[in-house]
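*Asks:* Attaching a single structure in structure tokens format; questions to follow.
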Amino acid sequence: MAYEAKTKPTPISPEAFIDAVDHPGRREDAHAVLALLTEATGEPPVMWGASIIGFGKYRYTYDSGHSGEAPLVGFSPRKANLVLYMAAYDDGRNDFLARLGKHKVGKACVYLNRLADVDTTVIAEMARWSMKTLKERHPD
């Protein structure tokens with residue numbers, strides 16, 4: 001049985017998705033991140049699946065042979081945190097994280113409680129780095 005990715009581009013409006021976020025602070029932060037990443041990436045926002053807003057895309061292939069597409073940069077206004085999806089290569093990411101401000105990290109995620117807790121210029125820099133890095137490592 002072939003694996004089909006659940007997280008793929010959809011026709012849902014990113015703005016409408018954000019407008020439906022229950023928490024007013026998370027909604028306000030999400031609108032700010034939408035504007036920030038649209039400007040930083042130069043790419044239009046696209047919904048990926050039901051809850052991720054992505055910018056640009058790249059194709060990947062794992063050693064197992066599984067391949068697919070993913071956004072170069074993305075974010076999601078989750079209930080508990082605002083989640084940023086950026087390249088997870090420690091050789092460049094750690095510098096950004098050291099300058100970011102209050103956050104937590106997962107393998108490919110950066111979790112923010114509030115946008116006011118971080119330096120948004122670092123988010124923009126990290127987004128540009130993520131796009132460049134992923135395009136170099138996964139050329140079409």
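Residue numbers start at 1 in each chain; chains themselves are named A, B, ... in the order of the structure tokens; ligands are numbered from 1 in the order shown.
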Find the spatial neighbours of stretch 92-99 of chain A, counting only C-alpha atoms, within a cut-off of 8 Å - ignore same-chain residues fewer than 2 positions away - and output them as a compact mmCIF listing (two decimals) with C-alpha atoms, in the first residue's frame.
*Replies:*
# COMPACT_ATOMS: atom_id res chain seq x y z
CA ALA A 87 14.95 23.73 8.53
CA ALA A 88 16.21 21.60 11.41
CA TYR A 89 19.93 21.54 10.54
CA ASP A 90 21.82 22.37 13.73
CA GLY A 101 14.18 34.78 22.81
CA ASP A 119 12.77 38.86 18.30
CA VAL A 122 15.38 36.62 13.98
CA ILE A 123 12.28 34.78 12.74
CA GLU A 125 16.33 35.78 9.17
CA MET A 126 15.70 32.16 10.08
*Asks:* Any chance you could tabulate, as JSON lines, the residues of stretch 90-128 of chain A at most 12 Å from stretch 17-26 of chain A with each one's nearest atom pair and distance in Å to one decimal, using only C-alpha atoms, in chain and rising number order?
*Replies:*
{"residue": "A:Leu112", "atom": "CA", "partner": "A:Arg26", "partner_atom": "CA", "distance": 10.2}
{"residue": "A:Asn113", "atom": "CA", "partner": "A:Arg26", "partner_atom": "CA", "distance": 8.6}
{"residue": "A:Arg114", "atom": "CA", "partner": "A:Arg26", "partner_atom": "CA", "distance": 7.4}
{"residue": "A:Leu115", "atom": "CA", "partner": "A:Arg26", "partner_atom": "CA", "distance": 8.7}
{"residue": "A:Ala116", "atom": "CA", "partner": "A:Gly25", "partner_atom": "CA", "distance": 10.4}
*Asks:* Please, which residues of chain A, numbered as in this document, come out strand (DSSP E or B) from DSSP, as JSON, numbers by chain?
*Replies:* {"A": [9, 45, 46, 47, 48, 52, 53, 54, 55, 58, 59, 60, 61, 67, 68, 69, 70, 73, 74, 75, 76, 77, 82, 83, 84, 85, 101, 104, 105, 109, 110, 111, 112, 118]}
*Asks:* Could you please determine the separation between atom CA of A:Tyr62 and atom CA of A:Met131 in Å, to one decimal place?
*Replies:*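 If I compute the distance from atom CA of A:Tyr62 to atom CA of A:Met131, I get 18.8 Å.
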*Asks:* Given the choices A:Arg137, A:Lys132, A:Lys57, A:Lys107, which gets closest to A:Pro44 if the distance is worked out from only C-alpha atoms?
*Replies:* A:Lys57
*Asks:* Can you measure atom CA of A:Tyr85 to atom CA of A:Thr10 for me? One decimal in Å is fine.
*Replies:*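 Between atom CA of A:Tyr85 and atom CA of A:Thr10 the gap is 17.6 Å.
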*Asks:* Residues within 8 Å of stretch 47-55 of chain A, please, as a ChimeraX atom specification. Count only C-alpha atoms; anything in the same chain fewer than 4 positions from it doesn't count.
*Replies:* /A:6-14,17,37-38,41,43,71-77
*Asks:* Could you tell me how far atom CA of A:Arg78 sits from atom CA of A:Lys135, in Å to one decimal place?
*Replies:*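 Pair atom CA of A:Lys135 / atom CA of A:Arg78 returns 26.8 Å.
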*Asks:* Using only C-alpha atoms for the distances, tell me which of A:Glu69, A:Leu34, A:Ala124, A:Asp91 is nearest to A:Gly56.
*Replies:*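 Answer, going by the shortest atom-to-atom distance: A:Glu69.
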*Asks:* Can you work out which one of A:Ser130, A:His138, A:Asp29, A:Cys109 has the shortest atom-to-atom distance to A:Ser67, counting only C-alpha atoms?
*Replies:* A:His138
*Asks:* Write down as a PyMOL selection string the residues of stretch 19-97 of chain A whose backbone DSSP state falls under helix (DSSP H, G or I).
*Replies:* chain A and resi 19+24-41+90-97
*Asks:* For A:Pro139, which residue among A:His103, A:Tyr58, A:Ala108, A:Val118 is the nearest when counting only C-alpha atoms?
*Replies:* A:Tyr58
*Asks:* Out of A:Arg59, A:His66, A:Lys79, A:Lys102, which residue has the shortest atom-to-atom distance to A:Glu136 when counting only C-alpha atoms?
*Replies:* A:Arg59
